[in-house]
Amino acid sequence: MAAHEPLDEEERDRLAGPSPPGGLLDLLSVAAVVLDTSGRIVFWSPQAEEIFGYTAKEALGQYAAMLVHDEHRDLIVRLFAEVMSTGASWAGAFPVRHKDGSTRLVEFRNMRLLDDLGDTYALGIAADHTTLQRVETDLALSQRLVSQAPIGIALLDTDLRYLLVNPALERINGIPAGEHLGKHPRDVLAFLDVETIESALRQVLLTGTPVVDQYTVGRTPADPDHDHAWSVSYFRIESAGGRVIGAATSVVDVTERHQTATEADRARRRLAVIADASARVGTTLEVQHTAQELVDVAVPDLADIATVDILDDVLAFRRATPSREPGPETFRALAVAAAYPSPAAAAALPVGDLAAYGADRLITRCVHTGAPMVVSHADGDDLRHIARDPEAAAAFAEAGVHSYLAVPLIARHEVLGVLDLVRARNPLPFDEDDILLAGELAARAAVAIDNARWHQSVRNTAETLQRSLLPGHPPPLTGLTVASLYQPAQATHEVGGDWYDVIPLTHDKTALVIGDVMGNGIDAAATMGRLRTATCAFADLDLAPDEVLTHLDKITQGLEHYIATCVYAVYDPHTHRCHIANAGHLPPVLAPAGRRAELVDLPTGAPLGVGGVPFHTTTFELGPGDRLVLYTDGLVETRHHAIDDRLDTLLHIVNQPRRALTDTCPWLLRSLRHPDDHDDVALLIAEATPTPPERHAPGARQQG
């Protein structure tokens with residue numbers, strides 16, 4: 001434990017002056033007694049009365065022998081004579097007689113005094129032996145505790161200057177005790193948060209309220225390459241009389257406990273991230289949405305910036321898995337997330353864009369090896385192998401990117417792409433725990449992405465098939481203008497079997513068809529195609545609508561597990577009459593020009609494929625300007641509203657001021673259908689137009 005160095009002039013001036021009561025001498029209550037050569041008491045301090053019981057008036061002029069018992073007088077006389085004759089001092093404990101008659105053990109220091117006249121005196125310094133022994137024991141114990149304690153201890157004065165530093169604190173700070181003494185913490189501990197330290201010490205000195213177990217993390221010259229954690233406590237030191245001496249600090253190295261707590265916290269955070277990923281990743285069967293869910297989970301808990309890049313050939317099913325031969329790979333960016341705006345985030349490949357990376361790039365090596373690529377401490381050369389181009393590498397450097405991790409997305413033994421993670425503001429490099437966590441997230445997400453990839457492929461195939469089976473633009477029609485629209489369900493759901501058709505017939509008539517095969521996927525689309533083909537064939541026979549539906553019903557009965565709804569109508573522009581039959585479908589809307597729209601009142605009929613239920617043809621007027629709206633249930637049905645309410649809403653919208661026929665289909669779709677609705681929609685609107693008075697008879701019917 002370091003001792004004080006010699007005081008400079010400034011320090012002496014600062015410490016000079018009267019001391020308030022309560023110091024060590026006050027605690028010991030040291031008494032002074034002076035005897036002349038005859039042994040008479042000539043000086044008697046106030047403290048002497050506390051020890052011996054006699055007042056100064058009672059003691060002065062009396063022989064000192066009155067303070068000892070008779071059996072000790074010869075010894076006292078001999079010791080007194082020895083001190084006076086030789087000038088040698090004497091120290092020791094001696095029993096004295098108190099005024100009350102009791103015997104008390106008193107510690108003495110006796111010495112000879114000489115005044116300016118040459119006269120000699122004997123000075124006795126006395127203190128209660130029990131009190132002195134207690135103080136000595138406390139002092140020795142304190143010194144031992146401080147010097148041998150395994151915790152760092154320091155004592156600072158009221159100006160926050162170090163007075164004492166024990167060996168343990170020397171080792172913690174890595175600075176000799178002597179370099180602490182007389183200095184402030186800010187002069188010694190510049191590598192720590194000294195403003196907080198000194199502020200806490202001042203508050204303790206002011207209030208007397210200790211600060212206990214305050215955590216501090218940092219590095220000291222004792223171990224400049226590693227973080228340590230300390231539990232620091234501050235408390236005020238006062239004398240027995242209440243005088244504030246200064247403040248003491250105790251410092252306990254709790255690095256192991258801190259690391260254990262940190263690791264436990266990281267484990268909890270890892271579990272929380274994994275649980276979050278389980279709940280948030282894979283909520284849809286849409287590839288890009290799933291990738292975005294993954295990066296949103298990774299940021300900011302795991303990385304400052306996260307991206308998902310998928311091999312374009314794998315995404316398009318042109319290749320099952322990347323080649324393991326050295327060579328470039330083409331990636332498509334599917335998702336980007338950043339914890340905060342930064343040049344690095346702006347430099348990432350925009351979502352949807354393609355980029356080709358050479359075999360030396362880390363992202364390419366990641367998909368070739370199927371193993372994580374980690375750069376704990378990235379420098380400029382590393383960034384050039386991480387970023388997509390030199391400009392992006394410069395942006396990464398500007399943003400402070402210092403650590404990189406690429407984890408392959410592997411599902412069913414196929415490498416789909418890479419989850420890229422970078423850190424900039426997060427000061428910690430990626431470590432083994434991060435690699436394990438990122439691998440867990442990537443594994444879970446890869447399966448969801450692969451499921452979405454396959455689903456989207458099947459769905460695209462079904463949608464392509466269905467669109468190929470729907471009619472193209474119809475040929476010019478006599479006395480009739482039509483508009484149509486097909487809207488598939490959202491990407492996460494299967495394509496349905498909705499269809500429509502416009503079929504020119506003989507004598508300028510036109511057949512209008514709308515239908516819905518119950519079910520979804522390629523099978524439903526194929527069934528829809530078969531029914532559409534059959535409908536065209538039966539329409540060519542110039543059959544009544546109910547007869548057409550009867551034939552379609554028989555065909556549908558032969559299609560395993562499928563039924564369908566359908567409305568078949570035939571419009572004659574010369575009579576302005578529409579003949580219509582319904583097979584379990586929602587009723588069309590008739591919107592006469594200048595009048596309110598209404599649902600066409602016709603028998604509902606049974607769906608196609610049920611069999612045994614007759615169909616009926618209904619006829620109504622469809623004059624010039626009148627519109628007939630045919631639609632499938634995806635336009636109006638929802639999970640939260642009654643169908644009658646939705647049909648009323650449809651009528652309300654149709655009754656609003658008319659729009660151009662080509663604008664009406666998308667307008668109805670926007671007004672009635674939520675983007676997340678799970679069914680596809682077919683919509684066909686026909687508007688009767690005036691029939692020319694003369695025309696040339698058409699030749700053979702044209703196929704729609």
# chains A, B, ... in the order shown; residues from 1 in each chain; ligands from 1

$ residues_around --residues "Ala583 of chain A" --least-positions-apart "3" --cutoff "6 Å" --atoms "only C-alpha atoms" --output "list in words"
Thr565, Cys566, Gly605, Ala606 and Pro607 of chain A

$ select_by_dssp --residues "segment 35-83 of chain A" --states "strand (DSSP E or B)" --output "JSON, numbers by chain"
{"A": [35, 40, 41, 42, 43, 44, 63]}

$ closest_residue --among "A:Ala393, A:Ala445, A:Ala248, A:Thr556" --to "Asp296 of chain A" --atoms "only C-alpha atoms"
A:Ala445

$ closest_residue --among "A:Arg423, A:His180, A:Arg595, A:Arg134" --to "Arg658 of chain A" --atoms "only C-alpha atoms"
A:Arg595

$ residues_around --residues "segment 571-574 of chain A" --least-positions-apart "6" --cutoff "8 Å" --atoms "only C-alpha atoms" --output "mmCIF file with C-alpha atoms, in the first residue's frame"
data_model
loop_
_atom_site.group_PDB
_atom_site.id
_atom_site.type_symbol
_atom_site.label_atom_id
_atom_site.label_comp_id
_atom_site.auth_asym_id
_atom_site.auth_seq_id
_atom_site.Cartn_x
_atom_site.Cartn_y
_atom_site.Cartn_z
ATOM 1 C CA THR A 478 -73.568 -7.081 -83.623
ATOM 2 C CA GLY A 479 -75.550 -4.927 -81.209
ATOM 3 C CA LEU A 480 -73.342 -5.756 -78.265
ATOM 4 C CA ASP A 508 -75.906 -12.062 -85.070
ATOM 5 C CA LYS A 509 -76.685 -13.586 -81.717
ATOM 6 C CA THR A 510 -74.031 -13.824 -78.970
ATOM 7 C CA ALA A 511 -73.653 -16.336 -76.136
ATOM 8 C CA LEU A 512 -72.349 -14.953 -72.831
ATOM 9 C CA ALA A 688 -76.501 -3.569 -75.773
ATOM 10 C CA THR A 691 -78.513 -2.482 -84.255
#

$ residues_around --residues "Leu650 of chain A" --least-positions-apart "5" --cutoff "12 Å" --atoms "only C-alpha atoms" --output "list in words"
Leu586, Pro587, Pro588, Val589, Leu590, Ala591, Ala597, Glu598, Leu599, Val629, Leu630, Tyr631, Asp633, Leu635, Val636, Glu637, Ile643, Asp644, Asp645, Asn655, Gln656, Trp667, Leu668, Leu669, Arg670, Ser671, Leu672 and Arg673 of chain A

$ write_last_selection --atoms "N, CA, C and O atoms" --output "compact mmCIF listing (two decimals), in the first residue's frame"
# COMPACT_ATOMS: atom_id res chain seq x y z
N LEU A 586 -74.34 -17.26 -58.86
CA LEU A 586 -74.91 -16.01 -58.34
C LEU A 586 -75.64 -15.28 -59.46
O LEU A 586 -75.21 -15.30 -60.62
N PRO A 587 -76.76 -14.59 -59.13
CA PRO A 587 -77.58 -13.96 -60.18
C PRO A 587 -76.85 -12.78 -60.82
O PRO A 587 -76.16 -12.01 -60.16
N PRO A 588 -77.00 -12.64 -62.15
CA PRO A 588 -76.41 -11.49 -62.83
C PRO A 588 -77.10 -10.19 -62.38
O PRO A 588 -78.17 -10.20 -61.77
N VAL A 589 -76.47 -9.08 -62.73
CA VAL A 589 -77.03 -7.76 -62.45
C VAL A 589 -77.46 -7.14 -63.78
O VAL A 589 -76.67 -7.08 -64.73
N LEU A 590 -78.71 -6.67 -63.82
CA LEU A 590 -79.22 -5.96 -64.98
C LEU A 590 -79.24 -4.48 -64.64
O LEU A 590 -79.88 -4.07 -63.67
N ALA A 591 -78.52 -3.69 -65.44
CA ALA A 591 -78.43 -2.25 -65.19
C ALA A 591 -79.01 -1.51 -66.39
O ALA A 591 -78.30 -1.15 -67.33
N ALA A 597 -80.19 -0.39 -61.08
CA ALA A 597 -79.80 -1.77 -61.34
C ALA A 597 -80.52 -2.71 -60.38
O ALA A 597 -80.91 -2.34 -59.27
N GLU A 598 -80.68 -3.96 -60.84
CA GLU A 598 -81.32 -4.96 -59.99
C GLU A 598 -80.76 -6.33 -60.37
O GLU A 598 -80.19 -6.53 -61.44
N LEU A 599 -80.93 -7.27 -59.44
CA LEU A 599 -80.53 -8.64 -59.73
C LEU A 599 -81.56 -9.28 -60.65
O LEU A 599 -82.77 -9.07 -60.49
N VAL A 629 -74.32 -7.58 -66.11
CA VAL A 629 -73.05 -7.84 -65.40
C VAL A 629 -73.05 -9.29 -64.92
O VAL A 629 -73.89 -9.70 -64.11
N LEU A 630 -72.12 -10.09 -65.44
CA LEU A 630 -71.92 -11.46 -65.02
C LEU A 630 -70.61 -11.53 -64.23
O LEU A 630 -69.60 -10.94 -64.64
N TYR A 631 -70.59 -12.30 -63.13
CA TYR A 631 -69.42 -12.29 -62.24
C TYR A 631 -69.36 -13.63 -61.50
O TYR A 631 -70.36 -14.36 -61.40
N ASP A 633 -68.14 -15.69 -57.75
CA ASP A 633 -68.33 -15.38 -56.33
C ASP A 633 -67.15 -14.67 -55.70
O ASP A 633 -67.28 -14.01 -54.67
N LEU A 635 -65.86 -12.02 -56.51
CA LEU A 635 -66.05 -10.58 -56.50
C LEU A 635 -66.79 -10.11 -55.27
O LEU A 635 -66.54 -9.00 -54.77
N VAL A 636 -67.70 -10.92 -54.75
CA VAL A 636 -68.58 -10.43 -53.69
C VAL A 636 -68.47 -11.20 -52.37
O VAL A 636 -68.78 -10.65 -51.30
N GLU A 637 -68.07 -12.44 -52.41
CA GLU A 637 -68.07 -13.22 -51.17
C GLU A 637 -66.86 -12.89 -50.30
O GLU A 637 -65.75 -12.72 -50.80
N ILE A 643 -73.83 -12.78 -47.72
CA ILE A 643 -73.84 -12.64 -49.17
C ILE A 643 -74.90 -11.64 -49.63
O ILE A 643 -74.68 -10.88 -50.59
N ASP A 644 -76.04 -11.58 -48.94
CA ASP A 644 -77.07 -10.61 -49.33
C ASP A 644 -76.57 -9.18 -49.16
O ASP A 644 -76.87 -8.30 -50.00
N ASP A 645 -75.82 -8.94 -48.08
CA ASP A 645 -75.27 -7.60 -47.88
C ASP A 645 -74.27 -7.25 -48.99
O ASP A 645 -74.23 -6.11 -49.47
N ASN A 655 -75.08 1.24 -59.37
CA ASN A 655 -76.03 2.35 -59.52
C ASN A 655 -75.36 3.72 -59.49
O ASN A 655 -76.01 4.74 -59.73
N GLN A 656 -74.08 3.76 -59.19
CA GLN A 656 -73.38 5.04 -59.21
C GLN A 656 -73.21 5.50 -60.65
O GLN A 656 -73.41 4.73 -61.59
N TRP A 667 -62.95 -1.05 -62.02
CA TRP A 667 -63.57 -0.23 -60.97
C TRP A 667 -64.35 -1.11 -59.99
O TRP A 667 -64.24 -0.96 -58.77
N LEU A 668 -65.13 -2.06 -60.54
CA LEU A 668 -65.85 -2.98 -59.66
C LEU A 668 -64.89 -3.82 -58.83
O LEU A 668 -65.12 -4.08 -57.64
N LEU A 669 -63.80 -4.25 -59.45
CA LEU A 669 -62.83 -5.08 -58.73
C LEU A 669 -62.22 -4.30 -57.56
O LEU A 669 -62.12 -4.80 -56.43
N ARG A 670 -61.81 -3.07 -57.82
CA ARG A 670 -61.21 -2.25 -56.76
C ARG A 670 -62.21 -1.94 -55.66
O ARG A 670 -61.85 -1.88 -54.47
N SER A 671 -63.46 -1.75 -56.03
CA SER A 671 -64.47 -1.34 -55.05
C SER A 671 -64.92 -2.49 -54.15
O SER A 671 -65.30 -2.25 -53.00
N LEU A 672 -64.87 -3.70 -54.67
CA LEU A 672 -65.47 -4.82 -53.95
C LEU A 672 -64.47 -5.83 -53.40
O LEU A 672 -64.77 -6.52 -52.42
N ARG A 673 -63.32 -5.91 -53.98
CA ARG A 673 -62.41 -7.01 -53.62
C ARG A 673 -61.20 -6.49 -52.85
O ARG A 673 -60.54 -5.55 -53.27

$ select_by_dssp --residues "segment 136-322 of chain A" --states "alpha helix (DSSP H)" --output "number ranges by chain"
A: 136-148, 167-173, 185-188, 194-207, 255-280, 287-298, 312-315

$ closest_residue --among "A:Ala446, A:Val146, A:Ala355, A:Leu117" --to "Gly282 of chain A" --atoms "only C-alpha atoms"
A:Ala446
